[in-house]
2 protein chains.
Amino acid sequence: MIYLARNERPGYVPIRELAHEVGLSFHFLTKILQSMTAAGLLESHKGPRGGVALAREADAVTVYDVIAAVDGVSVFSECILGLPDCGSDHPCPLHDRWAQHRSKIEEMVRRETIAALARDAGRLGPSFRAG
Amino acid sequence: MIYLARNERPGYVPIRELAHEVGLSFHFLTKILQSMTAAGLLESHKGPRGGVALAREADAVTVYDVIAAVDGVSVFSECILGLPDCGSDHPCPLHDRWAQHRSKIEEMVRRETIAALARDAGRLGPSFRAG
DNA sequence: TTAATTACAGACAAAAGAGTCCGAAATATG
DNA sequence: CATATTTCGGACTCTTTTGTCTGTAATTAA
């Protein structure tokens, strides 16, 4: 999404191009982007001159949105020990303390937009490739 | 370890008893406790009247120690996006921001002792069973 | 010294996650 | 209309994690 935010050209960007730029396999990236499209973060278009594009302006998409789309919102309520029944009514010994830090993290990702990260990525270097 | 910290009786506690109290299978808990023993957090003794016991006073064992023993210290330096090459010299767009929160979490677990959690577990209820 | 009890070590099985591949549906272009 | 291009959906494989089992060594107590 940062690549899309930094991309100046109008229209859709093919996943194959994205995959090459970001250093992921085409098939793998396709799977990830499908969940983003399903979540409404991306618009897609089939056929020639098709591809994906940001569905909203980059400053209207937060990291929280992306995490929610890819991993689900449950990561923001899970017990740090992994106990399935841990909750307010049946808290593990770390429940309250972890909940505080977890909400700090959630605040961070809710505040952080793709646009801001795209600006930083510009400062950091030409690529944020994985491999 | 919280159970051991709250246990008044002298001597070793058999893993089988611990497993029953905490609601984990004996074999599974055995495997976990072995890594804790190897890390020096627990002392163990074979044979009748054997079992495990805290190797140090509960207020001298931090949650960090336990995490380090069970999961390894790498969790405190890993990239939040999972990028293998992310680091100070090759940072991902979230690197710096995540590093700040990650160190906050590390501070929390370095500050938190088993003794403190044992006190809280007392307030919370009779058991911190998983199932 | 024998039998019971216990942790230890490693092999094994199951489940989850990460990643790959293939065919189908849609669409732009000539 | 035909063809090339592109996403979509699901099935599949591979790897990692999680959890189980089996036997062995150590230790205690009678």
# chains A, B, ... in the order shown; residues from 1 in each chain; ligands from 1
>>> residues_around(residues="Val13 (chain A)", least_positions_apart="2", cutoff="10 Å", atoms="only C-alpha atoms (C1' of nucleotides)", output="count of residues only")
18
>>> closest_atom_pairs(of="region 17-125 of chain A", to="region 6-26 of chain D", cutoff="6 Å", atoms="only C-alpha atoms (C1' of nucleotides)", output="CSV")
residue,atom,partner,partner_atom,distance
A:Lys46,CA,D:DT6,C1',4.8
A:Gly47,CA,D:DT6,C1',4.0
A:Pro48,CA,D:DT6,C1',5.7
A:Gly50,CA,D:DT6,C1',5.8
>>> write_last_selection(atoms="C-alpha atoms", output="CSV table (one decimal), in the first residue's frame")
chain,number,residue,atom,x,y,z
A,46,LYS,CA,-9.6,-7.5,-13.9
A,47,GLY,CA,-8.3,-7.7,-17.4
A,48,PRO,CA,-5.8,-5.7,-19.3
A,50,GLY,CA,-6.3,-3.9,-14.5
>>> calpha_fit_and_write(fixed="chain A", moving="chain B", output="mmCIF file with C-alpha atoms, in the first residue's frame")
data_model
loop_
_atom_site.group_PDB
_atom_site.id
_atom_site.type_symbol
_atom_site.label_atom_id
_atom_site.label_comp_id
_atom_site.auth_asym_id
_atom_site.auth_seq_id
_atom_site.Cartn_x
_atom_site.Cartn_y
_atom_site.Cartn_z
ATOM 1 C CA MET B 1 -0.016 -0.031 0.001
ATOM 2 C CA ILE B 2 2.910 2.264 0.648
ATOM 3 C CA TYR B 3 4.107 1.577 -2.857
ATOM 4 C CA LEU B 4 0.667 2.443 -4.188
ATOM 5 C CA ALA B 5 0.593 5.597 -2.102
ATOM 6 C CA ARG B 6 3.940 6.670 -3.522
ATOM 7 C CA ASN B 7 2.998 5.773 -7.058
ATOM 8 C CA GLU B 8 2.219 8.826 -9.144
ATOM 9 C CA ARG B 9 0.728 7.200 -12.226
ATOM 10 C CA PRO B 10 -3.041 7.153 -12.595
ATOM 11 C CA GLY B 11 -4.999 3.927 -12.971
ATOM 12 C CA TYR B 12 -4.396 0.476 -11.615
ATOM 13 C CA VAL B 13 -1.089 -1.189 -10.791
ATOM 14 C CA PRO B 14 -0.816 -4.893 -11.721
ATOM 15 C CA ILE B 15 -0.083 -7.184 -8.804
ATOM 16 C CA ARG B 16 2.775 -8.677 -10.761
ATOM 17 C CA GLU B 17 4.512 -5.312 -10.863
ATOM 18 C CA LEU B 18 3.875 -4.762 -7.161
ATOM 19 C CA ALA B 19 5.245 -8.197 -6.331
ATOM 20 C CA HIS B 20 8.430 -7.456 -8.218
ATOM 21 C CA GLU B 21 8.885 -4.078 -6.540
ATOM 22 C CA VAL B 22 8.247 -5.338 -3.032
ATOM 23 C CA GLY B 23 10.153 -8.582 -3.428
ATOM 24 C CA LEU B 24 7.338 -11.030 -2.798
ATOM 25 C CA SER B 25 6.119 -13.835 -4.995
ATOM 26 C CA PHE B 26 3.262 -12.903 -7.271
ATOM 27 C CA HIS B 27 0.941 -15.597 -5.979
ATOM 28 C CA PHE B 28 1.624 -14.835 -2.357
ATOM 29 C CA LEU B 29 1.033 -11.130 -2.778
ATOM 30 C CA THR B 30 -2.125 -11.848 -4.719
ATOM 31 C CA LYS B 31 -3.528 -13.688 -1.743
ATOM 32 C CA ILE B 32 -2.723 -10.853 0.628
ATOM 33 C CA LEU B 33 -4.148 -8.186 -1.630
ATOM 34 C CA GLN B 34 -7.340 -10.162 -2.083
ATOM 35 C CA SER B 35 -8.104 -9.782 1.607
ATOM 36 C CA MET B 36 -7.355 -6.091 1.382
ATOM 37 C CA THR B 37 -9.672 -5.735 -1.566
ATOM 38 C CA ALA B 38 -12.356 -7.678 0.270
ATOM 39 C CA ALA B 39 -11.917 -5.329 3.221
ATOM 40 C CA GLY B 40 -12.456 -2.305 1.005
ATOM 41 C CA LEU B 41 -8.929 -0.967 1.321
ATOM 42 C CA LEU B 42 -8.144 -1.562 -2.339
ATOM 43 C CA GLU B 43 -10.083 -1.389 -5.565
ATOM 44 C CA SER B 44 -9.262 -3.933 -8.204
ATOM 45 C CA HIS B 45 -9.935 -4.317 -11.853
ATOM 46 C CA LYS B 46 -9.559 -7.379 -14.030
ATOM 47 C CA GLY B 47 -8.251 -7.582 -17.540
ATOM 48 C CA PRO B 48 -5.653 -5.604 -19.446
ATOM 49 C CA ARG B 49 -4.768 -2.309 -17.762
ATOM 50 C CA GLY B 50 -6.230 -3.801 -14.624
ATOM 51 C CA GLY B 51 -4.660 -4.249 -11.217
ATOM 52 C CA VAL B 52 -5.180 -2.715 -7.820
ATOM 53 C CA ALA B 53 -5.357 0.824 -6.511
ATOM 54 C CA LEU B 54 -6.018 2.477 -3.177
ATOM 55 C CA ALA B 55 -9.722 2.675 -2.529
ATOM 56 C CA ARG B 56 -9.279 5.736 -0.309
ATOM 57 C CA GLU B 57 -6.741 8.489 -0.039
ATOM 58 C CA ALA B 58 -3.583 7.269 1.686
ATOM 59 C CA ASP B 59 -4.126 9.639 4.597
ATOM 60 C CA ALA B 60 -7.512 8.062 5.231
ATOM 61 C CA VAL B 61 -6.110 4.552 5.657
ATOM 62 C CA THR B 62 -4.547 3.628 8.975
ATOM 63 C CA VAL B 63 -2.228 0.787 9.834
ATOM 64 C CA TYR B 64 -5.052 -0.475 12.022
ATOM 65 C CA ASP B 65 -7.222 -0.862 8.929
ATOM 66 C CA VAL B 66 -4.543 -2.948 7.256
ATOM 67 C CA ILE B 67 -3.959 -5.168 10.273
ATOM 68 C CA ALA B 68 -7.680 -5.652 10.672
ATOM 69 C CA ALA B 69 -7.972 -6.659 7.040
ATOM 70 C CA VAL B 70 -5.015 -9.032 6.957
ATOM 71 C CA ASP B 71 -4.895 -10.497 10.460
ATOM 72 C CA GLY B 72 -8.286 -9.633 11.923
ATOM 73 C CA VAL B 73 -9.173 -7.419 14.859
ATOM 74 C CA SER B 74 -8.796 -10.212 17.391
ATOM 75 C CA VAL B 75 -5.100 -9.434 17.772
ATOM 76 C CA PHE B 76 -6.172 -6.359 19.718
ATOM 77 C CA SER B 77 -7.994 -8.335 22.366
ATOM 78 C CA GLU B 78 -5.938 -11.486 22.703
ATOM 79 C CA CYS B 79 -4.303 -12.623 25.931
ATOM 80 C CA ILE B 80 -0.536 -12.206 25.909
ATOM 81 C CA LEU B 81 -0.136 -15.673 27.382
ATOM 82 C CA GLY B 82 -2.451 -17.136 24.761
ATOM 83 C CA LEU B 83 -4.976 -18.346 27.301
ATOM 84 C CA PRO B 84 -8.270 -18.789 25.465
ATOM 85 C CA ASP B 85 -10.500 -17.948 28.427
ATOM 86 C CA CYS B 86 -8.593 -14.900 29.628
ATOM 87 C CA GLY B 87 -10.814 -11.836 29.857
ATOM 88 C CA SER B 88 -12.155 -9.215 32.217
ATOM 89 C CA ASP B 89 -14.158 -11.807 34.103
ATOM 90 C CA HIS B 90 -11.430 -14.447 34.155
ATOM 91 C CA PRO B 91 -8.146 -12.546 33.904
ATOM 92 C CA CYS B 92 -4.714 -14.096 33.763
ATOM 93 C CA PRO B 93 -2.081 -12.555 36.056
ATOM 94 C CA LEU B 94 -0.816 -10.340 33.259
ATOM 95 C CA HIS B 95 -4.207 -9.367 31.892
ATOM 96 C CA ASP B 96 -4.558 -5.811 33.164
ATOM 97 C CA ARG B 97 -0.975 -4.792 32.605
ATOM 98 C CA TRP B 98 -0.875 -6.206 29.133
ATOM 99 C CA ALA B 99 -4.199 -4.605 28.249
ATOM 100 C CA GLN B 100 -2.702 -1.211 28.938
ATOM 101 C CA HIS B 101 0.243 -1.703 26.625
ATOM 102 C CA ARG B 102 -1.890 -3.398 24.026
ATOM 103 C CA SER B 103 -4.166 -0.382 23.860
ATOM 104 C CA LYS B 104 -1.120 1.851 23.478
ATOM 105 C CA ILE B 105 -0.121 -0.177 20.468
ATOM 106 C CA GLU B 106 -3.627 0.004 19.109
ATOM 107 C CA GLU B 107 -3.547 3.774 19.510
ATOM 108 C CA MET B 108 -0.298 3.891 17.583
ATOM 109 C CA VAL B 109 -1.612 1.947 14.629
ATOM 110 C CA ARG B 110 -4.904 3.867 14.646
ATOM 111 C CA ARG B 111 -2.972 7.121 14.501
ATOM 112 C CA GLU B 112 -0.511 6.016 11.843
ATOM 113 C CA THR B 113 -1.622 6.431 8.255
ATOM 114 C CA ILE B 114 -0.295 4.913 5.068
ATOM 115 C CA ALA B 115 0.404 8.435 3.866
ATOM 116 C CA ALA B 116 2.689 9.102 6.822
ATOM 117 C CA LEU B 117 4.543 5.839 6.299
ATOM 118 C CA ALA B 118 4.902 6.581 2.603
ATOM 119 C CA ARG B 119 6.578 9.881 3.468
ATOM 120 C CA ASP B 120 8.964 8.089 5.834
ATOM 121 C CA ALA B 121 9.699 5.379 3.318
ATOM 122 C CA GLY B 122 10.807 8.167 1.020
ATOM 123 C CA ARG B 123 13.284 9.391 3.577
ATOM 124 C CA LEU B 124 14.510 5.915 4.377
ATOM 125 C CA GLY B 125 15.589 4.924 0.917
ATOM 126 C CA PRO B 126 14.404 3.883 -2.484
ATOM 127 C CA SER B 127 12.925 0.565 -1.441
ATOM 128 C CA PHE B 128 11.445 -1.257 1.486
ATOM 129 C CA ARG B 129 11.961 -4.610 -0.091
ATOM 130 C CA ALA B 130 11.798 -7.678 2.132
ATOM 131 C CA GLY B 131 14.478 -9.952 0.721
#
>>> select_by_dssp(residues="chain B", states="alpha helix (DSSP H)", output="MDAnalysis selection string")
chainID B and resid 2:6 15:22 26:38 63:70 95:111 114:124
>>> decode(residues="region 11-82 of chain A", atoms="C-alpha atoms", output="PDB file, in the first residue's frame")
ATOM      1  CA  GLY A  11      -5.060   3.885 -12.967  1.00  0.00           C
ATOM      2  CA  TYR A  12      -4.459   0.435 -11.579  1.00  0.00           C
ATOM      3  CA  VAL A  13      -1.139  -1.209 -10.779  1.00  0.00           C
ATOM      4  CA  PRO A  14      -0.865  -4.903 -11.697  1.00  0.00           C
ATOM      5  CA  ILE A  15      -0.100  -7.195  -8.771  1.00  0.00           C
ATOM      6  CA  ARG A  16       2.749  -8.672 -10.754  1.00  0.00           C
ATOM      7  CA  GLU A  17       4.467  -5.297 -10.883  1.00  0.00           C
ATOM      8  CA  LEU A  18       3.850  -4.735  -7.192  1.00  0.00           C
ATOM      9  CA  ALA A  19       5.251  -8.143  -6.354  1.00  0.00           C
ATOM     10  CA  HIS A  20       8.417  -7.400  -8.254  1.00  0.00           C
ATOM     11  CA  GLU A  21       8.872  -4.036  -6.590  1.00  0.00           C
ATOM     12  CA  VAL A  22       8.249  -5.264  -3.081  1.00  0.00           C
ATOM     13  CA  GLY A  23      10.174  -8.518  -3.477  1.00  0.00           C
ATOM     14  CA  LEU A  24       7.369 -10.958  -2.811  1.00  0.00           C
ATOM     15  CA  SER A  25       6.154 -13.784  -4.984  1.00  0.00           C
ATOM     16  CA  PHE A  26       3.277 -12.893  -7.242  1.00  0.00           C
ATOM     17  CA  HIS A  27       0.991 -15.599  -5.916  1.00  0.00           C
ATOM     18  CA  PHE A  28       1.684 -14.805  -2.305  1.00  0.00           C
ATOM     19  CA  LEU A  29       1.087 -11.095  -2.733  1.00  0.00           C
ATOM     20  CA  THR A  30      -2.093 -11.840  -4.654  1.00  0.00           C
ATOM     21  CA  LYS A  31      -3.464 -13.684  -1.671  1.00  0.00           C
ATOM     22  CA  ILE A  32      -2.632 -10.836   0.695  1.00  0.00           C
ATOM     23  CA  LEU A  33      -4.099  -8.184  -1.558  1.00  0.00           C
ATOM     24  CA  GLN A  34      -7.277 -10.170  -1.990  1.00  0.00           C
ATOM     25  CA  SER A  35      -8.029  -9.783   1.702  1.00  0.00           C
ATOM     26  CA  MET A  36      -7.300  -6.078   1.442  1.00  0.00           C
ATOM     27  CA  THR A  37      -9.644  -5.753  -1.481  1.00  0.00           C
ATOM     28  CA  ALA A  38     -12.309  -7.694   0.365  1.00  0.00           C
ATOM     29  CA  ALA A  39     -11.877  -5.330   3.307  1.00  0.00           C
ATOM     30  CA  GLY A  40     -12.420  -2.327   1.073  1.00  0.00           C
ATOM     31  CA  LEU A  41      -8.901  -0.963   1.367  1.00  0.00           C
ATOM     32  CA  LEU A  42      -8.134  -1.585  -2.288  1.00  0.00           C
ATOM     33  CA  GLU A  43     -10.084  -1.429  -5.482  1.00  0.00           C
ATOM     34  CA  SER A  44      -9.284  -3.981  -8.112  1.00  0.00           C
ATOM     35  CA  HIS A  45      -9.988  -4.392 -11.743  1.00  0.00           C
ATOM     36  CA  LYS A  46      -9.631  -7.487 -13.884  1.00  0.00           C
ATOM     37  CA  GLY A  47      -8.343  -7.736 -17.384  1.00  0.00           C
ATOM     38  CA  PRO A  48      -5.783  -5.734 -19.341  1.00  0.00           C
ATOM     39  CA  ARG A  49      -4.890  -2.417 -17.695  1.00  0.00           C
ATOM     40  CA  GLY A  50      -6.319  -3.891 -14.529  1.00  0.00           C
ATOM     41  CA  GLY A  51      -4.701  -4.273 -11.161  1.00  0.00           C
ATOM     42  CA  VAL A  52      -5.196  -2.730  -7.759  1.00  0.00           C
ATOM     43  CA  ALA A  53      -5.378   0.814  -6.462  1.00  0.00           C
ATOM     44  CA  LEU A  54      -6.015   2.485  -3.151  1.00  0.00           C
ATOM     45  CA  ALA A  55      -9.741   2.674  -2.492  1.00  0.00           C
ATOM     46  CA  ARG A  56      -9.291   5.711  -0.279  1.00  0.00           C
ATOM     47  CA  GLU A  57      -6.749   8.470  -0.026  1.00  0.00           C
ATOM     48  CA  ALA A  58      -3.579   7.292   1.688  1.00  0.00           C
ATOM     49  CA  ASP A  59      -4.099   9.661   4.592  1.00  0.00           C
ATOM     50  CA  ALA A  60      -7.487   8.076   5.244  1.00  0.00           C
ATOM     51  CA  VAL A  61      -6.074   4.570   5.668  1.00  0.00           C
ATOM     52  CA  THR A  62      -4.485   3.657   8.982  1.00  0.00           C
ATOM     53  CA  VAL A  63      -2.158   0.821   9.830  1.00  0.00           C
ATOM     54  CA  TYR A  64      -4.958  -0.443  12.031  1.00  0.00           C
ATOM     55  CA  ASP A  65      -7.133  -0.851   8.946  1.00  0.00           C
ATOM     56  CA  VAL A  66      -4.467  -2.921   7.263  1.00  0.00           C
ATOM     57  CA  ILE A  67      -3.864  -5.132  10.282  1.00  0.00           C
ATOM     58  CA  ALA A  68      -7.599  -5.641  10.685  1.00  0.00           C
ATOM     59  CA  ALA A  69      -7.884  -6.654   7.049  1.00  0.00           C
ATOM     60  CA  VAL A  70      -4.929  -9.034   6.971  1.00  0.00           C
ATOM     61  CA  ASP A  71      -4.803 -10.493  10.470  1.00  0.00           C
ATOM     62  CA  GLY A  72      -8.195  -9.642  11.925  1.00  0.00           C
ATOM     63  CA  VAL A  73      -9.106  -7.412  14.842  1.00  0.00           C
ATOM     64  CA  SER A  74      -8.738 -10.199  17.367  1.00  0.00           C
ATOM     65  CA  VAL A  75      -5.039  -9.426  17.758  1.00  0.00           C
ATOM     66  CA  PHE A  76      -6.122  -6.338  19.697  1.00  0.00           C
ATOM     67  CA  SER A  77      -7.956  -8.320  22.317  1.00  0.00           C
ATOM     68  CA  GLU A  78      -5.931 -11.485  22.652  1.00  0.00           C
ATOM     69  CA  CYS A  79      -4.332 -12.642  25.891  1.00  0.00           C
ATOM     70  CA  ILE A  80      -0.562 -12.252  25.882  1.00  0.00           C
ATOM     71  CA  LEU A  81      -0.209 -15.734  27.357  1.00  0.00           C
ATOM     72  CA  GLY A  82      -2.501 -17.166  24.703  1.00  0.00           C
TER      73      GLY A  82
END
